[in-house]
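Raw query_13.txt, compact mmCIF, C-alpha atoms:
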# COMPACT_ATOMS: atom_id res chain seq x y z
CA MET O 1 0.00 0.00 0.00
CA SER O 2 1.47 3.34 -1.08
CA PRO O 3 1.29 6.24 1.40
CA PRO O 4 -1.39 8.85 0.72
CA ALA O 5 -0.36 12.08 -1.00
CA GLN O 6 1.21 14.58 1.40
CA GLU O 7 -1.44 17.23 0.76
CA GLN O 8 -3.94 14.80 2.32
CA TRP O 9 -1.99 14.35 5.55
CA PRO O 10 -3.51 17.21 7.60
CA ALA O 11 -7.03 15.93 6.95
CA LEU O 12 -5.98 12.34 7.70
CA VAL O 13 -4.42 13.37 11.02
CA GLU O 14 -7.68 15.03 12.03
CA GLU O 15 -9.84 12.18 10.73
CA ASN O 16 -7.89 9.71 12.84
CA LEU O 17 -8.13 11.91 15.94
CA ILE O 18 -11.89 12.26 15.54
CA GLY O 19 -12.09 8.49 15.07
CA PHE O 20 -10.27 7.99 18.38
CA PHE O 21 -12.70 10.25 20.25
CA GLN O 22 -15.69 8.65 18.55
CA HIS O 23 -14.48 5.20 19.53
CA ALA O 24 -14.04 6.27 23.16
CA ALA O 25 -17.59 7.67 23.18
CA ARG O 26 -19.12 4.70 21.39
CA VAL O 27 -18.07 2.14 23.98
CA ARG O 28 -19.41 4.04 27.00
CA PRO O 29 -23.09 3.99 28.02
CA SER O 30 -22.85 7.74 28.69
CA GLY O 31 -21.29 8.46 25.29
CA LYS O 32 -22.82 10.87 22.78
CA LEU O 33 -22.10 10.85 19.05
CA LEU O 34 -23.53 13.45 16.70
CA GLN O 35 -22.74 15.02 13.35
CA THR O 36 -24.39 18.17 11.99
CA PRO O 37 -23.48 20.15 8.85
CA GLY O 38 -21.06 22.20 10.95
CA LEU O 39 -19.97 20.02 13.86
CA VAL O 40 -18.78 16.60 14.93
CA ILE O 41 -19.57 15.78 18.58
CA ALA O 42 -17.82 12.88 20.31
CA ALA O 43 -18.47 13.02 24.05
CA SER O 44 -17.58 10.06 26.23
CA GLY O 45 -19.35 11.41 29.31
CA ALA O 46 -16.17 10.79 31.33
CA ARG O 47 -14.82 13.18 33.94
CA PHE O 48 -11.80 13.95 31.77
CA TYR O 49 -13.34 16.91 29.96
CA MET O 50 -10.99 16.63 26.98
CA PHE O 51 -12.90 13.50 25.96
CA ASN O 52 -16.18 15.42 25.73
CA ALA O 53 -15.21 17.05 22.48
CA ALA O 54 -16.44 19.07 19.53
CA PHE O 55 -14.74 19.41 16.13
CA LEU O 56 -15.44 21.43 13.00
CA ALA O 57 -17.11 19.32 10.34
CA GLU O 58 -16.20 21.64 7.46
CA PRO O 59 -13.56 24.32 6.76
CA LEU O 60 -14.49 27.89 7.67
CA GLY O 61 -14.12 31.05 5.63
CA GLU O 62 -12.64 34.35 6.71
CA ASP O 63 -15.63 35.54 8.77
CA PRO O 64 -15.09 34.83 12.50
CA SER O 65 -18.86 34.84 13.02
CA GLY O 66 -19.01 31.42 11.39
CA LEU O 67 -16.73 30.03 14.09
CA SER O 68 -18.75 31.76 16.82
CA ALA O 69 -21.88 30.08 15.51
CA ARG O 70 -20.18 26.68 15.67
CA ILE O 71 -19.02 27.31 19.24
CA ARG O 72 -22.53 28.27 20.32
CA GLU O 73 -23.92 25.19 18.61
CA ALA O 74 -21.41 22.97 20.41
CA ALA O 75 -22.30 24.59 23.72
CA GLY O 76 -25.94 23.76 23.10
CA TRP O 77 -25.07 20.07 22.84
CA LEU O 78 -22.35 19.83 25.48
CA ASN O 79 -23.02 22.37 28.23
CA GLY O 80 -24.83 19.70 30.26
CA HIS O 81 -21.53 17.95 31.06
CA ASP O 82 -20.81 18.82 34.68
CA ASP O 83 -17.09 18.18 34.22
CA GLY O 84 -16.78 20.40 31.17
CA TRP O 85 -16.03 19.86 27.51
CA SER O 86 -13.50 20.86 24.86
CA PHE O 87 -13.39 22.16 21.33
CA TRP O 88 -10.55 20.91 19.11
CA VAL O 89 -9.78 23.09 16.09
CA CYS O 90 -7.62 21.63 13.35
CA GLU O 91 -6.06 24.81 12.02
CA HIS O 92 -6.05 23.77 8.37
CA LYS O 93 -9.84 24.24 8.56
CA CYS O 94 -9.41 27.88 9.66
CA PRO O 95 -6.61 29.18 7.43
CA ALA O 96 -7.78 32.80 7.74
CA LEU O 97 -7.70 32.77 11.55
CA PRO O 98 -4.19 32.60 13.06
CA PRO O 99 -3.88 31.18 16.59
CA HIS O 100 -4.17 34.50 18.41
CA LEU O 101 -7.42 35.33 16.58
CA LEU O 102 -8.76 31.83 17.26
CA GLN O 103 -8.12 32.42 20.94
CA GLN O 104 -9.95 35.76 20.83
CA VAL O 105 -13.03 34.22 19.21
CA PHE O 106 -13.19 31.39 21.74
CA ARG O 107 -12.59 33.73 24.67
CA ARG O 108 -15.48 35.93 23.54
CA ASN O 109 -17.64 32.82 23.51
CA GLY O 110 -16.71 31.71 27.02
CA LEU O 111 -14.02 29.09 26.36
CA SER O 112 -10.44 29.29 27.60
CA TYR O 113 -7.32 28.36 25.68
CA ALA O 114 -5.89 25.03 26.85
CA TYR O 115 -2.98 24.19 24.56
CA ARG O 116 -1.78 23.88 20.97
CA HIS O 117 -0.54 20.53 19.67
CA PRO O 118 1.34 19.81 16.45
CA GLY O 119 -0.29 17.16 14.29
CA MET O 120 2.53 15.02 12.92
CA ALA O 121 2.93 12.27 10.32
CA ALA O 122 5.55 9.86 8.97
CA THR O 123 5.61 7.12 6.38
CA GLU O 124 8.56 5.36 8.05
CA LEU O 125 10.68 5.81 11.13
CA ALA O 126 14.30 6.88 11.19
CA PRO O 127 16.88 4.19 11.99
CA ARG O 128 17.46 3.42 15.64
CA LEU O 129 20.55 5.15 17.03
CA ALA O 130 21.06 2.84 20.01
CA ASP O 131 19.49 -0.20 21.59
CA PRO O 132 17.56 0.73 24.76
CA PRO O 133 17.27 -1.62 27.73
CA PRO O 134 14.84 -4.41 26.76
CA LEU O 135 11.11 -4.23 27.39
CA GLU O 136 8.62 -7.04 27.63
CA ILE O 137 5.65 -5.71 25.67
CA ARG O 138 2.21 -7.15 26.45
CA PRO O 139 -1.12 -6.35 24.76
CA VAL O 140 -3.84 -4.62 26.74
CA ALA O 141 -6.04 -7.66 27.15
CA SER O 142 -6.84 -8.07 30.84
CA ARG O 143 -7.96 -6.13 33.90
CA GLU O 144 -4.35 -6.02 35.08
CA THR O 145 -3.01 -4.52 31.83
CA ARG O 146 -5.91 -2.03 31.61
CA ALA O 147 -5.17 -0.87 35.15
CA ALA O 148 -1.45 -0.60 34.38
CA PHE O 149 -2.20 1.37 31.21
CA SER O 150 -4.38 3.76 33.24
CA HIS O 151 -1.80 4.11 36.01
CA ILE O 152 1.04 4.98 33.64
CA ASN O 153 -1.01 7.54 31.69
CA ALA O 154 -2.25 9.16 34.90
CA HIS O 155 1.31 9.72 36.14
CA ALA O 156 2.83 10.64 32.78
CA PHE O 157 0.15 13.22 31.91
CA ARG O 158 -0.54 14.33 35.49
CA VAL O 159 -4.27 13.59 35.57
CA PRO O 160 -6.22 11.65 38.23
CA PHE O 161 -5.98 7.87 38.00
CA GLN O 162 -9.77 7.48 38.19
CA TRP O 163 -10.16 9.71 35.12
CA CYS O 164 -7.84 7.43 33.17
CA LEU O 165 -9.46 4.27 34.49
CA GLU O 166 -12.87 5.54 33.35
CA LEU O 167 -11.48 5.71 29.83
CA TYR O 168 -8.94 2.92 29.56
CA GLY O 169 -10.35 0.43 32.06
CA ILE O 170 -13.32 -0.49 29.86
CA GLU O 171 -12.81 -3.86 28.19
CA ALA O 172 -14.93 -2.82 25.19
CA LEU O 173 -12.52 0.02 24.40
CA TRP O 174 -9.87 -2.45 23.29
CA THR O 175 -11.86 -3.87 20.40
CA GLU O 176 -12.52 -3.07 16.75
CA ASN O 177 -9.80 -0.67 15.57
CA LEU O 178 -7.99 0.21 18.82
CA TRP O 179 -5.07 -1.80 20.17
CA GLY O 180 -2.83 -1.05 23.12
CA TRP O 181 0.33 -2.31 24.79
CA VAL O 182 2.11 -2.04 28.11
CA GLY O 183 5.89 -2.24 28.35
CA TYR O 184 7.43 -4.01 31.36
CA ARG O 185 10.99 -3.76 32.61
CA ASN O 186 12.14 -6.16 35.31
CA GLY O 187 8.52 -7.09 35.91
CA ALA O 188 7.31 -3.50 36.43
CA ALA O 189 4.86 -1.80 34.05
CA ILE O 190 6.56 1.43 32.92
CA ALA O 191 5.33 2.49 29.45
CA THR O 192 2.33 2.40 27.11
CA ALA O 193 1.24 3.02 23.55
CA ALA O 194 -1.95 2.53 21.56
CA VAL O 195 -2.92 2.55 17.89
CA LEU O 196 -6.23 3.46 16.30
CA GLN O 197 -6.64 2.51 12.65
CA THR O 198 -8.62 4.53 10.10
CA GLY O 199 -8.21 3.16 6.60
CA HIS O 200 -4.49 2.70 6.07
CA VAL O 201 -3.59 5.33 8.69
CA ALA O 202 -2.34 4.29 12.13
CA GLY O 203 -2.82 6.93 14.82
CA LEU O 204 -0.53 6.77 17.85
CA TYR O 205 -2.16 7.55 21.20
CA SER O 206 -1.34 7.36 24.90
CA VAL O 207 2.41 7.10 24.38
CA ALA O 208 3.46 7.43 28.01
CA THR O 209 6.29 6.48 30.36
CA LEU O 210 6.37 6.68 34.14
CA PRO O 211 8.36 9.81 35.07
CA GLU O 212 11.15 7.91 36.82
CA PHE O 213 11.81 5.86 33.65
CA GLN O 214 11.67 8.67 31.11
CA ARG O 215 14.65 9.43 28.82
CA GLN O 216 15.74 5.79 28.99
CA GLY O 217 14.42 4.65 25.59
CA ALA O 218 11.13 3.13 26.73
CA GLY O 219 8.95 5.63 24.84
CA GLU O 220 10.86 5.09 21.60
CA ALA O 221 10.64 1.32 22.02
CA MET O 222 6.86 1.51 22.47
CA ILE O 223 6.46 3.80 19.44
CA ARG O 224 8.54 1.54 17.23
CA TYR O 225 6.69 -1.55 18.39
CA ALA O 226 3.24 0.00 17.78
CA VAL O 227 4.10 1.47 14.37
CA GLU O 228 5.74 -1.74 13.14
CA TRP O 229 2.80 -3.81 14.41
CA ALA O 230 0.33 -1.57 12.55
CA ARG O 231 2.36 -1.79 9.36
CA ARG O 232 2.83 -5.56 9.57
CA GLU O 233 -0.56 -6.64 10.92
CA ARG O 234 -2.87 -3.94 9.59
CA GLY O 235 -1.21 -2.68 6.43
CA ALA O 236 -0.78 0.87 7.73
CA ALA O 237 1.03 3.12 5.25
CA LEU O 238 1.07 6.31 7.33
CA SER O 239 1.60 6.92 11.04
CA VAL O 240 0.07 10.05 12.62
CA LEU O 241 -0.12 11.60 16.08
CA GLN O 242 -0.70 14.75 18.13
CA SER O 243 2.39 15.60 20.14
CA THR O 244 2.77 17.21 23.52
CA ARG O 245 5.50 19.81 23.92
CA GLU O 246 7.57 17.27 25.89
CA GLY O 247 7.34 14.59 23.21
CA GLU O 248 7.90 16.69 20.12
CA ALA O 249 11.71 16.38 20.01
CA LEU O 250 11.51 12.58 20.20
CA TYR O 251 8.96 12.39 17.40
CA ARG O 252 11.02 14.65 15.18
CA ARG O 253 14.09 12.50 15.78
CA LEU O 254 12.07 9.44 14.78
CA GLY O 255 11.14 11.03 11.46
CA TYR O 256 7.75 12.65 12.11
CA ARG O 257 7.09 16.11 10.74
CA THR O 258 4.42 18.64 11.59
CA VAL O 259 1.64 18.85 8.99
CA THR O 260 -0.99 20.80 10.95
CA TYR O 261 -1.77 22.15 14.42
CA PHE O 262 -4.64 21.64 16.84
CA SER O 263 -5.75 24.48 19.08
CA VAL O 264 -7.74 23.14 22.03
CA PHE O 265 -10.20 25.15 24.12
CA ALA O 266 -11.96 24.23 27.34
CA ALA O 267 -15.41 25.09 28.63

Structure encoded using structure tokens:
Amino acid sequence: MSPPAQEQWPALVEENLIGFFQHAARVRPSGKLLQTPGLVIAASGARFYMFNAAFLAEPLGEDPSGLSARIREAAGWLNGHDDGWSFWVCEHKCPALPPHLLQQVFRRNGLSYAYRHPGMAATELAPRLADPPPLEIRPVASRETRAAFSHINAHAFRVPFQWCLELYGIEALWTENLWGWVGYRNGAAIATAAVLQTGHVAGLYSVATLPEFQRQGAGEAMIRYAVEWARRERGAALSVLQSTREGEALYRRLGYRTVTYFSVFAA
């Protein structure tokens, strides 16, 4: 399978991200899925407000009032979530609104700026520079591995464990097009990664390492394992992700490049 044309990569990064949120919402009894001409809603109903999310369904023109209308529409669907909700804007859909203007529009509509993530993509990974200490990598396929996955993500991303367990502790999450792994070193669970497949695109999610084991090669090992698995087992031709500020240097070293940005706002 040949990789998709590079001009398609920004849209494919966003499509995969929306697919991840939709999958998380679909497997929860409290989940809400909705698509209107202007919006995609994928709300899991979990306490982690970032997983109660709205996205633009179509690109916007130069008039900021169009974005304000979408924000108000999203609020109408999501304001009932006691723990809040988020609006993810893939910036290639708002080319006439640079980040500072995006922030102004959202602030006027009652949402605060949370962060800005690069959306990144790669067709293949750069060669390994050194062999890290070995990991035993196990699939997320039991209560023990789901709890370990939740524990590692809670510590790595500094969010409450119960929030992560609400999301990752559900057995039904790890079905269909989402697969996850936990890396063990000397019997201790220290790192995670997951892949969501949309078409021939493999999206990397929840790449996390316990703080005391960071910068020791575990994250790279998990990324390489997940990407190779998706290529070998699922025919993935493109790997995509949204990077945190802390992870961006590693992804660039592995061969990923930024193809779009996501501005995220919280209600």

Cut-off 9 Å: closest region 77-142 of chain O/region 44-49 of chain O atom pairs per residue, using only C-alpha atoms, as JSON lines:
{"residue": "O:His81", "atom": "CA", "partner": "O:Gly45", "partner_atom": "CA", "distance": 7.1}
{"residue": "O:Asp82", "atom": "CA", "partner": "O:Arg47", "partner_atom": "CA", "distance": 8.3}
{"residue": "O:Asp83", "atom": "CA", "partner": "O:Arg47", "partner_atom": "CA", "distance": 5.5}
{"residue": "O:Gly84", "atom": "CA", "partner": "O:Tyr49", "partner_atom": "CA", "distance": 5.0}
{"residue": "O:Trp85", "atom": "CA", "partner": "O:Tyr49", "partner_atom": "CA", "distance": 4.7}
{"residue": "O:Ser86", "atom": "CA", "partner": "O:Tyr49", "partner_atom": "CA", "distance": 6.5}

What are the closest atom pairs, with distances in Å to one decimal, for each residue of region 57-159 of chain O lying within 12 Å of region 18-30 of chain O, using only C-alpha atoms, rows by chain and rising residue number, as a Markdown table?
| residue | atom | partner | partner_atom | distance |
| --- | --- | --- | --- | --- |
| O:Ala57 | CA | O:Ile18 | CA | 10.2 |
| O:His81 | CA | O:Ser30 | CA | 10.6 |
| O:Ser86 | CA | O:Phe21 | CA | 11.6 |
| O:Phe87 | CA | O:Ile18 | CA | 11.6 |
| O:Trp88 | CA | O:Ile18 | CA | 9.5 |
| O:Val89 | CA | O:Ile18 | CA | 11.0 |
| O:Cys90 | CA | O:Ile18 | CA | 10.5 |

(message) Just want the 10 Å neighbourhood of region 99-107 of chain O, counted on all atoms listed in the file, with same-chain residues fewer than 3 positions away dropped. Output as an NGL selection string.
(response) :O and (64-65 or 67-68 or 71-72 or 87 or 89 or 91 or 94-96 or 110-114 or 116 or 261-267)

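The interatomic distance for the pair CA of Gly247 (chain O) and CA of Pro132 (chain O) works out to 17.3 Å.
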
(message) Report as a PyMOL selection string all protein, DNA and RNA residues lying within 10 Å of Arg245 (chain O), evaluated on all atoms listed in the file, omitting residues in the same chain fewer than 4 positions from it.
(response) chain O and resi 115-118+249

(request) Figure out the distance between CA of Ile152 (chain O) and CA of Leu178 (chain O), please, to one decimal in Å. (result)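 Rounded to one decimal, the two atoms are 18.0 Å apart.
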
(message) Ranking O:Thr198, O:Ser150, O:Asn109, O:Thr192 by minimum distance to Met222 (chain O) and counting all atoms listed in the file, which one comes first?
(response)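 Smallest separation from Met222 (chain O) among the options: O:Thr192.
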
Could you complete region 160-174 of chain O so that it carries N, CA, C and O atoms, and give it back as a JSON list (two decimals), keeping the file's coordinate frame?
[["chain", "number", "residue", "atom", "x", "y", "z"],
["O", 160, "PRO", "N", -5.83, 12.63, 37.22],
["O", 160, "PRO", "CA", -6.22, 11.65, 38.23],
["O", 160, "PRO", "C", -6.34, 10.24, 37.65],
["O", 160, "PRO", "O", -6.83, 10.04, 36.54],
["O", 161, "PHE", "N", -5.92, 9.28, 38.43],
["O", 161, "PHE", "CA", -5.98, 7.87, 38.00],
["O", 161, "PHE", "C", -7.40, 7.47, 37.65],
["O", 161, "PHE", "O", -7.64, 6.76, 36.66],
["O", 162, "GLN", "N", -8.39, 7.89, 38.45],
["O", 162, "GLN", "CA", -9.77, 7.48, 38.19],
["O", 162, "GLN", "C", -10.26, 8.02, 36.84],
["O", 162, "GLN", "O", -11.08, 7.37, 36.18],
["O", 163, "TRP", "N", -9.79, 9.19, 36.44],
["O", 163, "TRP", "CA", -10.16, 9.71, 35.12],
["O", 163, "TRP", "C", -9.66, 8.77, 34.03],
["O", 163, "TRP", "O", -10.38, 8.47, 33.08],
["O", 164, "CYS", "N", -8.41, 8.34, 34.17],
["O", 164, "CYS", "CA", -7.84, 7.43, 33.17],
["O", 164, "CYS", "C", -8.53, 6.07, 33.20],
["O", 164, "CYS", "O", -8.79, 5.47, 32.15],
["O", 165, "LEU", "N", -8.82, 5.58, 34.39],
["O", 165, "LEU", "CA", -9.46, 4.27, 34.49],
["O", 165, "LEU", "C", -10.85, 4.30, 33.86],
["O", 165, "LEU", "O", -11.28, 3.31, 33.25],
["O", 166, "GLU", "N", -11.57, 5.41, 33.99],
["O", 166, "GLU", "CA", -12.87, 5.54, 33.35],
["O", 166, "GLU", "C", -12.77, 5.35, 31.83],
["O", 166, "GLU", "O", -13.67, 4.80, 31.20],
["O", 167, "LEU", "N", -11.66, 5.80, 31.27],
["O", 167, "LEU", "CA", -11.48, 5.71, 29.83],
["O", 167, "LEU", "C", -10.86, 4.39, 29.41],
["O", 167, "LEU", "O", -11.38, 3.69, 28.54],
["O", 168, "TYR", "N", -9.74, 4.05, 30.03],
["O", 168, "TYR", "CA", -8.94, 2.92, 29.56],
["O", 168, "TYR", "C", -9.26, 1.61, 30.25],
["O", 168, "TYR", "O", -8.81, 0.55, 29.80],
["O", 169, "GLY", "N", -10.03, 1.66, 31.33],
["O", 169, "GLY", "CA", -10.35, 0.43, 32.06],
["O", 169, "GLY", "C", -11.51, -0.34, 31.50],
["O", 169, "GLY", "O", -11.83, -1.43, 31.99],
["O", 170, "ILE", "N", -12.17, 0.17, 30.46],
["O", 170, "ILE", "CA", -13.32, -0.49, 29.86],
["O", 170, "ILE", "C", -12.85, -1.55, 28.86],
["O", 170, "ILE", "O", -12.13, -1.23, 27.91],
["O", 171, "GLU", "N", -13.25, -2.77, 29.08],
["O", 171, "GLU", "CA", -12.81, -3.86, 28.19],
["O", 171, "GLU", "C", -13.22, -3.59, 26.74],
["O", 171, "GLU", "O", -12.46, -3.86, 25.80],
["O", 172, "ALA", "N", -14.43, -3.04, 26.54],
["O", 172, "ALA", "CA", -14.93, -2.82, 25.19],
["O", 172, "ALA", "C", -14.12, -1.79, 24.41],
["O", 172, "ALA", "O", -14.20, -1.74, 23.18],
["O", 173, "LEU", "N", -13.34, -0.96, 25.12],
["O", 173, "LEU", "CA", -12.52, 0.02, 24.40],
["O", 173, "LEU", "C", -11.50, -0.66, 23.51],
["O", 173, "LEU", "O", -11.19, -0.18, 22.41],
["O", 174, "TRP", "N", -10.98, -1.79, 23.97],
["O", 174, "TRP", "CA", -9.87, -2.45, 23.29],
["O", 174, "TRP", "C", -10.39, -3.47, 22.30],
["O", 174, "TRP", "O", -10.02, -4.64, 22.32]]
